[in-house]
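Visitor: This is the content of target.csv (CSV, C-alpha atoms):
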```
chain,number,residue,atom,x,y,z
A,182,MET,CA,-15.9,11.0,-14.4
A,183,LYS,CA,-18.8,12.7,-12.5
A,184,LEU,CA,-21.0,9.7,-13.4
A,185,LEU,CA,-18.4,7.3,-12.2
A,186,LEU,CA,-18.0,9.2,-8.9
A,187,GLY,CA,-21.8,9.2,-8.5
A,188,PHE,CA,-21.8,5.4,-9.0
A,189,MET,CA,-19.0,5.1,-6.4
A,190,TRP,CA,-21.0,7.2,-3.9
A,191,LEU,CA,-24.0,4.9,-4.4
A,192,LEU,CA,-21.9,1.9,-3.7
A,193,HIS,CA,-21.0,3.0,-0.2
A,194,TRP,CA,-24.6,2.2,0.9
A,195,LEU,CA,-24.2,-1.5,0.0
A,196,PRO,CA,-23.5,-4.0,2.7
A,197,LEU,CA,-19.8,-4.8,2.7
A,198,PRO,CA,-20.3,-8.5,1.7
A,199,VAL,CA,-22.3,-7.4,-1.3
A,200,LEU,CA,-19.8,-4.8,-2.3
A,201,GLY,CA,-16.9,-7.2,-1.7
A,202,ARG,CA,-18.4,-9.9,-3.9
A,203,PHE,CA,-19.1,-7.4,-6.6
A,204,GLY,CA,-15.4,-6.4,-6.5
A,205,ASP,CA,-14.4,-10.0,-6.8
A,206,LEU,CA,-16.6,-10.5,-9.9
A,207,VAL,CA,-15.2,-7.4,-11.6
A,208,GLY,CA,-11.7,-8.5,-10.7
A,209,SER,CA,-12.3,-11.9,-12.3
A,210,LEU,CA,-13.4,-10.2,-15.5
A,211,LEU,CA,-10.4,-7.9,-15.5
A,212,PHE,CA,-8.0,-10.9,-15.1
A,213,VAL,CA,-9.4,-12.2,-18.3
A,214,ILE,CA,-9.4,-9.0,-20.4
A,215,MET,CA,-6.3,-7.2,-19.1
A,216,GLY,CA,-3.7,-9.4,-20.7
A,217,PRO,CA,-0.7,-7.1,-20.3
A,218,ARG,CA,-1.3,-6.5,-16.6
A,219,ARG,CA,-2.0,-10.2,-16.1
A,220,GLU,CA,1.3,-11.1,-17.6
A,221,ILE,CA,3.2,-8.6,-15.4
A,222,ALA,CA,1.6,-10.2,-12.4
A,223,LEU,CA,2.5,-13.6,-13.5
A,224,THR,CA,6.1,-12.6,-14.3
A,225,ASN,CA,6.4,-11.1,-10.8
A,226,LEU,CA,5.0,-14.3,-9.3
A,227,ARG,CA,7.4,-16.5,-11.3
A,228,LEU,CA,10.3,-14.5,-10.1
A,229,CYS,CA,9.2,-14.2,-6.4
A,230,LEU,CA,7.5,-17.5,-5.8
A,231,PRO,CA,9.2,-20.0,-8.1
A,232,GLU,CA,8.2,-22.8,-5.7
A,233,LEU,CA,4.6,-22.6,-6.8
A,234,SER,CA,3.4,-24.4,-9.9
A,235,GLU,CA,2.2,-22.3,-12.9
A,236,ALA,CA,-1.4,-23.2,-12.1
A,237,GLU,CA,-0.9,-22.1,-8.5
A,238,ARG,CA,0.6,-18.8,-9.7
A,239,ARG,CA,-2.3,-18.2,-12.1
A,240,THR,CA,-4.8,-18.8,-9.3
A,241,LEU,CA,-2.9,-16.4,-7.1
A,242,ALA,CA,-2.8,-13.8,-9.8
A,243,ARG,CA,-6.6,-14.1,-10.3
A,244,GLN,CA,-7.1,-13.7,-6.6
A,245,HIS,CA,-4.9,-10.6,-6.7
A,246,PHE,CA,-7.0,-9.0,-9.4
A,247,GLN,CA,-10.1,-9.8,-7.3
A,248,ALA,CA,-8.5,-8.3,-4.2
A,249,TYR,CA,-7.4,-5.1,-6.0
A,250,SER,CA,-10.7,-4.6,-7.7
A,251,ARG,CA,-12.5,-5.2,-4.4
A,252,SER,CA,-10.3,-2.6,-2.7
A,253,VAL,CA,-11.1,0.0,-5.3
A,254,PHE,CA,-14.8,-0.3,-4.8
A,255,GLU,CA,-14.5,-0.5,-1.1
A,256,ARG,CA,-12.9,2.9,-1.1
A,257,ALA,CA,-16.4,4.2,-1.4
A,258,ILE,CA,-16.9,3.2,2.2
A,259,LEU,CA,-13.7,4.8,3.3
A,260,TRP,CA,-14.6,8.1,1.5
A,261,TRP,CA,-18.3,8.4,2.4
A,262,ALA,CA,-19.5,6.0,5.1
A,263,SER,CA,-20.0,7.2,8.6
A,264,GLU,CA,-17.2,7.1,11.1
A,265,ALA,CA,-19.3,4.7,13.3
A,266,ARG,CA,-19.6,2.3,10.4
A,267,LEU,CA,-15.8,2.4,9.7
A,268,ARG,CA,-15.0,1.7,13.3
A,269,ARG,CA,-17.3,-1.4,13.2
A,270,LEU,CA,-15.5,-2.7,10.1
A,271,ILE,CA,-11.9,-2.0,11.0
A,272,VAL,CA,-10.1,-4.2,13.6
A,273,ILE,CA,-7.0,-2.8,15.1
A,274,GLU,CA,-4.2,-5.2,16.1
A,275,THR,CA,-1.2,-3.9,18.0
A,276,SER,CA,2.1,-5.3,19.3
A,277,ALA,CA,3.2,-5.7,22.9
A,278,GLY,CA,3.6,-2.4,24.6
A,279,MET,CA,0.9,-0.7,22.6
A,280,PRO,CA,-2.7,-0.2,23.8
A,281,PRO,CA,-4.6,-3.3,22.7
A,282,GLY,CA,-7.1,-2.7,19.9
A,283,GLN,CA,-6.3,1.0,19.7
A,284,ILE,CA,-4.4,3.2,17.3
A,285,PRO,CA,-1.0,3.8,19.1
A,286,VAL,CA,-1.4,7.6,18.8
A,287,ALA,CA,1.0,8.4,21.7
A,288,ALA,CA,3.7,6.2,20.3
A,289,MET,CA,3.3,7.8,16.8
A,290,THR,CA,3.5,11.3,18.1
A,291,GLU,CA,5.9,11.3,21.0
A,292,LYS,CA,8.8,11.5,18.5
A,293,PRO,CA,9.1,11.7,14.7
A,294,THR,CA,7.5,8.6,13.2
A,295,ILE,CA,7.7,7.0,9.8
A,296,LEU,CA,4.7,4.7,9.2
A,297,LEU,CA,6.0,2.1,6.8
A,298,CYS,CA,3.1,1.0,4.7
A,299,PRO,CA,4.0,-1.3,1.8
A,300,HIS,CA,1.8,-1.6,-1.3
A,301,PHE,CA,-0.9,-4.0,-0.1
A,302,VAL,CA,-4.3,-3.3,-1.8
A,303,CYS,CA,-5.9,-2.2,1.5
A,304,LEU,CA,-3.3,0.4,2.3
A,305,ASP,CA,-6.0,3.2,2.2
A,306,VAL,CA,-7.7,1.5,5.1
A,307,ALA,CA,-4.6,2.0,7.2
A,308,GLY,CA,-4.7,5.7,6.4
A,309,ALA,CA,-8.4,6.0,7.2
A,310,SER,CA,-8.0,4.2,10.6
A,311,ILE,CA,-5.3,6.6,11.7
A,312,ALA,CA,-7.1,9.7,10.2
A,313,MET,CA,-10.0,9.0,12.6
A,314,GLU,CA,-7.6,9.5,15.6
A,315,ALA,CA,-4.7,11.7,14.5
A,316,SER,CA,-3.4,14.0,11.8
A,317,ALA,CA,-0.7,12.5,9.6
A,318,SER,CA,1.1,13.2,6.3
A,319,SER,CA,1.8,11.2,3.2
A,320,MET,CA,2.9,11.2,-0.4
A,321,TYR,CA,0.2,10.9,-3.0
A,322,VAL,CA,0.0,10.9,-6.8
A,323,GLN,CA,-1.9,13.9,-8.1
A,324,GLN,CA,-4.7,12.6,-10.4
A,325,LYS,CA,-5.1,13.9,-14.0
A,326,ASN,CA,-8.8,14.4,-13.6
A,327,ALA,CA,-9.5,17.3,-11.3
A,328,ALA,CA,-12.8,16.0,-10.0
A,329,PHE,CA,-11.4,12.7,-9.0
A,330,ASP,CA,-8.3,14.3,-7.5
A,331,ALA,CA,-10.6,16.5,-5.3
A,332,VAL,CA,-12.6,13.5,-4.1
A,333,LEU,CA,-9.4,11.6,-3.4
A,334,ARG,CA,-8.0,14.4,-1.3
A,335,ALA,CA,-11.3,15.0,0.5
A,336,GLY,CA,-11.7,11.3,1.3
A,337,ARG,CA,-8.3,11.2,2.9
A,338,ALA,CA,-8.8,14.4,4.9
A,339,ARG,CA,-12.4,14.1,6.0
A,340,PHE,CA,-11.6,13.3,9.7
A,341,LYS,CA,-8.4,14.9,11.0
A,342,PRO,CA,-6.3,17.4,9.0
A,343,VAL,CA,-3.7,15.8,6.8
A,344,LYS,CA,-0.8,17.0,4.7
A,345,LEU,CA,-0.5,15.4,1.3
A,346,PHE,CA,2.7,15.9,-0.7
A,347,THR,CA,3.6,15.0,-4.3
A,348,ARG,CA,6.9,13.8,-5.5
A,349,GLN,CA,7.4,17.2,-7.1
A,350,ASP,CA,7.3,18.8,-3.6
A,351,GLY,CA,10.6,17.2,-2.7
A,352,ILE,CA,11.8,16.0,0.7
A,353,LYS,CA,11.8,19.3,2.7
A,354,PRO,CA,8.0,19.3,3.5
A,355,ILE,CA,8.4,15.7,4.7
A,356,LEU,CA,11.2,16.6,7.0
A,357,ARG,CA,9.3,19.6,8.4
A,358,ALA,CA,6.2,17.4,9.0
A,359,LEU,CA,8.3,14.8,10.9
A,360,ARG,CA,9.9,17.5,13.0
A,361,ASP,CA,6.5,18.7,13.8
A,362,ARG,CA,5.6,15.2,15.1
A,363,LEU,CA,3.3,14.6,12.2
A,364,PRO,CA,3.5,10.8,11.4
A,365,TYR,CA,4.5,10.3,7.8
A,366,PHE,CA,3.1,7.4,5.7
A,367,MET,CA,5.9,6.0,3.6
A,368,LEU,CA,5.3,3.6,0.7
A,369,PRO,CA,8.9,2.7,-0.4
A,370,ASP,CA,8.4,-0.5,-2.3
A,371,MET,CA,7.9,0.6,-5.9
A,372,ASP,CA,10.5,0.9,-8.7
A,373,PHE,CA,11.1,4.6,-9.5
A,374,GLY,CA,14.4,4.0,-11.3
A,375,GLU,CA,18.0,4.2,-10.0
A,376,LYS,CA,17.8,7.8,-8.6
A,377,ASP,CA,18.0,7.7,-4.8
A,378,ALA,CA,17.8,3.9,-4.9
A,379,GLU,CA,20.0,0.8,-4.4
A,380,PHE,CA,19.8,-2.6,-5.9
A,381,VAL,CA,18.9,-4.9,-3.0
A,382,PRO,CA,17.3,-8.3,-3.0
A,383,PHE,CA,13.5,-8.7,-3.0
A,384,PHE,CA,12.6,-12.3,-3.0
A,385,GLY,CA,16.1,-13.0,-4.1
A,386,ILE,CA,15.9,-10.7,-7.2
A,387,ASP,CA,17.9,-7.5,-7.3
A,388,ALA,CA,15.3,-4.7,-7.2
A,389,ALA,CA,15.9,-0.9,-7.4
A,390,THR,CA,14.7,0.1,-4.0
A,391,LEU,CA,14.4,3.6,-2.6
A,392,THR,CA,16.7,4.2,0.3
A,393,ALA,CA,14.6,7.1,1.5
A,394,THR,CA,13.2,5.3,4.6
A,395,ALA,CA,16.7,4.8,6.0
A,396,ARG,CA,18.0,8.2,5.0
A,397,ILE,CA,15.0,10.2,6.4
A,398,ALA,CA,15.1,8.2,9.6
A,399,ALA,CA,18.8,9.0,9.9
A,400,THR,CA,18.3,12.7,9.1
A,401,THR,CA,15.4,13.3,11.5
A,402,GLY,CA,15.9,10.6,14.2
A,403,ALA,CA,12.5,9.2,13.2
A,404,GLN,CA,11.4,5.8,14.4
A,405,VAL,CA,10.0,3.4,11.9
A,406,MET,CA,6.7,1.7,12.8
A,407,PRO,CA,5.3,-0.7,10.1
A,408,VAL,CA,1.5,-0.8,9.6
A,409,ILE,CA,-0.3,-3.1,7.2
A,410,ALA,CA,-4.0,-3.4,6.4
A,411,THR,CA,-5.5,-6.7,5.0
A,412,PHE,CA,-8.9,-8.1,4.5
A,413,LEU,CA,-10.7,-9.9,7.3
A,414,PRO,CA,-12.2,-13.2,6.2
A,415,GLY,CA,-15.8,-13.5,5.1
A,416,TYR,CA,-16.1,-9.9,3.9
A,417,ARG,CA,-16.3,-8.8,7.5
A,418,GLY,CA,-14.1,-5.8,7.1
A,419,TRP,CA,-10.3,-5.1,7.4
A,420,ARG,CA,-7.5,-5.7,9.9
A,421,VAL,CA,-4.9,-2.9,10.5
A,422,LYS,CA,-1.9,-4.2,12.2
A,423,PHE,CA,0.8,-2.0,13.9
A,424,TYR,CA,4.2,-3.7,14.2
A,425,PRO,CA,6.9,-2.9,16.8
A,426,VAL,CA,9.1,0.0,16.1
A,427,TRP,CA,12.4,-1.3,14.5
A,428,ASP,CA,15.3,-1.3,16.9
A,429,ASN,CA,18.6,0.2,15.9
A,430,TYR,CA,17.3,1.5,12.6
A,431,PRO,CA,18.7,2.5,10.3
A,432,GLY,CA,22.2,2.1,11.7
A,433,PRO,CA,25.3,3.3,9.8
A,434,ASP,CA,24.7,1.3,6.6
A,435,MET,CA,21.9,2.6,4.4
A,436,VAL,CA,22.1,-0.3,2.0
A,437,ALA,CA,21.9,-2.8,4.9
A,438,ALA,CA,18.9,-0.9,6.3
A,439,THR,CA,17.1,-1.0,2.9
A,440,ARG,CA,17.8,-4.7,2.7
A,441,ARG,CA,16.3,-5.2,6.1
A,442,MET,CA,13.2,-3.3,5.0
A,443,ASN,CA,12.7,-5.5,1.9
A,444,ALA,CA,13.1,-8.6,4.0
A,445,PHE,CA,10.3,-7.4,6.4
A,446,ILE,CA,8.0,-6.7,3.4
A,447,GLU,CA,8.8,-10.2,2.0
A,448,ASP,CA,7.6,-11.8,5.2
A,449,ARG,CA,4.4,-9.9,5.2
A,450,VAL,CA,3.8,-10.7,1.5
A,451,ARG,CA,4.0,-14.4,2.3
A,452,GLU,CA,1.3,-14.0,4.9
A,453,ALA,CA,-1.2,-12.4,2.4
A,454,PRO,CA,0.2,-13.0,-1.0
A,455,ALA,CA,-2.9,-12.3,-3.0
A,456,GLU,CA,-3.1,-8.8,-1.5
A,457,TYR,CA,0.3,-7.5,-2.6
A,458,PHE,CA,0.5,-5.2,-5.6
A,459,TRP,CA,1.8,-7.7,-8.2
A,460,THR,CA,0.7,-5.7,-11.3
A,461,HIS,CA,3.5,-3.2,-10.7
A,462,LYS,CA,6.7,-3.7,-12.6
A,463,ARG,CA,8.7,-4.1,-9.4
A,464,PHE,CA,11.9,-5.3,-11.3
A,465,LYS,CA,11.6,-2.9,-14.2
A,466,THR,CA,15.0,-1.2,-13.6
A,467,ARG,CA,17.9,-3.6,-14.1
A,468,PRO,CA,21.5,-3.3,-13.0
A,469,ASN,CA,24.4,-3.3,-15.4
A,470,GLY,CA,22.3,-3.3,-18.5
A,471,GLU,CA,20.6,-6.6,-17.8
A,472,PRO,CA,17.6,-7.3,-20.1
A,473,SER,CA,14.2,-6.5,-18.9
A,474,PHE,CA,11.9,-9.2,-17.4
A,475,TYR,CA,9.0,-7.3,-19.0
A,476,SER,CA,10.4,-6.8,-22.5
A,477,ASN,CA,7.2,-7.7,-24.3
A,478,LYS,CA,4.8,-6.3,-21.7
A,479,ARG,CA,3.4,-2.8,-21.5
```
Written as structure tokens, how would this file's structure read?
Guide:
Amino acid sequence: MKLLLGFMWLLHWLPLPVLGRFGDLVGSLLFVIMGPRREIALTNLRLCLPELSEAERRTLARQHFQAYSRSVFERAILWWASEARLRRLIVIETSAGMPPGQIPVAAMTEKPTILLCPHFVCLDVAGASIAMEASASSMYVQQKNAAFDAVLRAGRARFKPVKLFTRQDGIKPILRALRDRLPYFMLPDMDFGEKDAEFVPFFGIDAATLTATARIAATTGAQVMPVIATFLPGYRGWRVKFYPVWDNYPGPDMVAATRRMNAFIEDRVREAPAEYFWTHKRFKTRPNGEPSFYSNKR
């Protein structure tokens, strides 16, 4: 692992177009050799984008492998490049009422704020862009390898102080952070089973979806501000877009609020379909004993 981390450190010195094309090349190779993951991606695309031909879905799946691989290698820049270089590579887009081209720090800290950050491959760029301006908190998966875990935590906390929670920490630290006006990154669009979830449509397919976004917003009075990071064309860097705070959210119906969240994510996926995390078994948990879509896939 130390050798791999050393290799990653060396990569951050490369120009981004070189590093990005290297990631694309590795992703193309992984698409060929990682058969089970390729089939999961294709299954998801068949369910979510049935209007595409099988050839179009295979092309999109290959592009996703390239985008994901590229994002992994480009984390070297997020973890070790200078702040000045990051600022040159990250373009901030904001909605009406927010300072143009700037992280909306005041809007994120004037009241409890949930930063809704769905699983696009560049999500770490959103975190880095905010970390250069303000402290925040988020959930993270503790890595089995201690050396990699240390690098991951250091990379996410190298600018402003951050609070990182694991699922084992429970919800209380999140509530405390929000009450302390520490924006909380929320990634609610993965299948963690039926616990604390409801089956709501995602691209027309019932998907076990965490209701935590709506429930935490209701409990703390937090506003929900979506933020999504995507690639700029031509290997020029990344775009981090802050969307308007959701009006009247969550309202009295937690299921309806969760459905509204999924609909928003669907719209964003259609804007950058290759960059969404298709290799996750998003429809793994099925209602009423329905058969698995992934029955023969690891």
Visitor: Residues within 7 Å of stretch 252-261 of chain A, please, as a ChimeraX atom specification. Count all atoms listed in the file; anything in the same chain fewer than 3 positions from it doesn't count.
Guide: /A:189-190,192-193,200,204,248-249,302-303,309,336
Visitor: If we count all atoms listed in the file, what is near stretch 383-386 of chain A at a cut-off of 9 Å, once residues fewer than 3 positions away on the same chain are taken out, given as a PDB file with C-alpha atoms, keeping the file's coordinate frame?
Guide:
```pdb
ATOM      1  CA  LEU A 228      10.300 -14.500 -10.100  1.00  0.00           C
ATOM      2  CA  CYS A 229       9.200 -14.200  -6.400  1.00  0.00           C
ATOM      3  CA  LEU A 230       7.500 -17.500  -5.800  1.00  0.00           C
ATOM      4  CA  THR A 390      14.700   0.100  -4.000  1.00  0.00           C
ATOM      5  CA  ARG A 440      17.800  -4.700   2.700  1.00  0.00           C
ATOM      6  CA  ASN A 443      12.700  -5.500   1.900  1.00  0.00           C
ATOM      7  CA  ALA A 444      13.100  -8.600   4.000  1.00  0.00           C
ATOM      8  CA  ILE A 446       8.000  -6.700   3.400  1.00  0.00           C
ATOM      9  CA  GLU A 447       8.800 -10.200   2.000  1.00  0.00           C
ATOM     10  CA  PHE A 464      11.900  -5.300 -11.300  1.00  0.00           C
TER      11      PHE A 464
END
```
Visitor: Take atom CA of A:Pro382 and atom CA of A:Pro425 and report the distance between them in Å, one decimal.
Guide: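 Separation between atom CA of A:Pro382 and atom CA of A:Pro425: 23.0 Å.
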Visitor: So that I can see what lies close to A:Glu452, please list as an NGL selection string the residues with an atom at most 12 Å from it, counting only C-alpha atoms and leaving out residues fewer than 4 positions away in the same chain.
Guide: :A and (301 or 409-412 or 445-448 or 456-457)
Visitor: May I ask which of the residues A:Leu270, A:Ala393, A:Ala455, A:Ala315 is the closest one to A:Tyr416, counting only C-alpha atoms?
Guide: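 Closest candidate: A:Leu270.
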Visitor: Have a look at atom CA of A:Gln247 and atom CA of A:Ser310 and let me know their distance in Å, one decimal.
Guide: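 Computing the Euclidean distance for atom CA of A:Gln247 and atom CA of A:Ser310 yields 22.8 Å.
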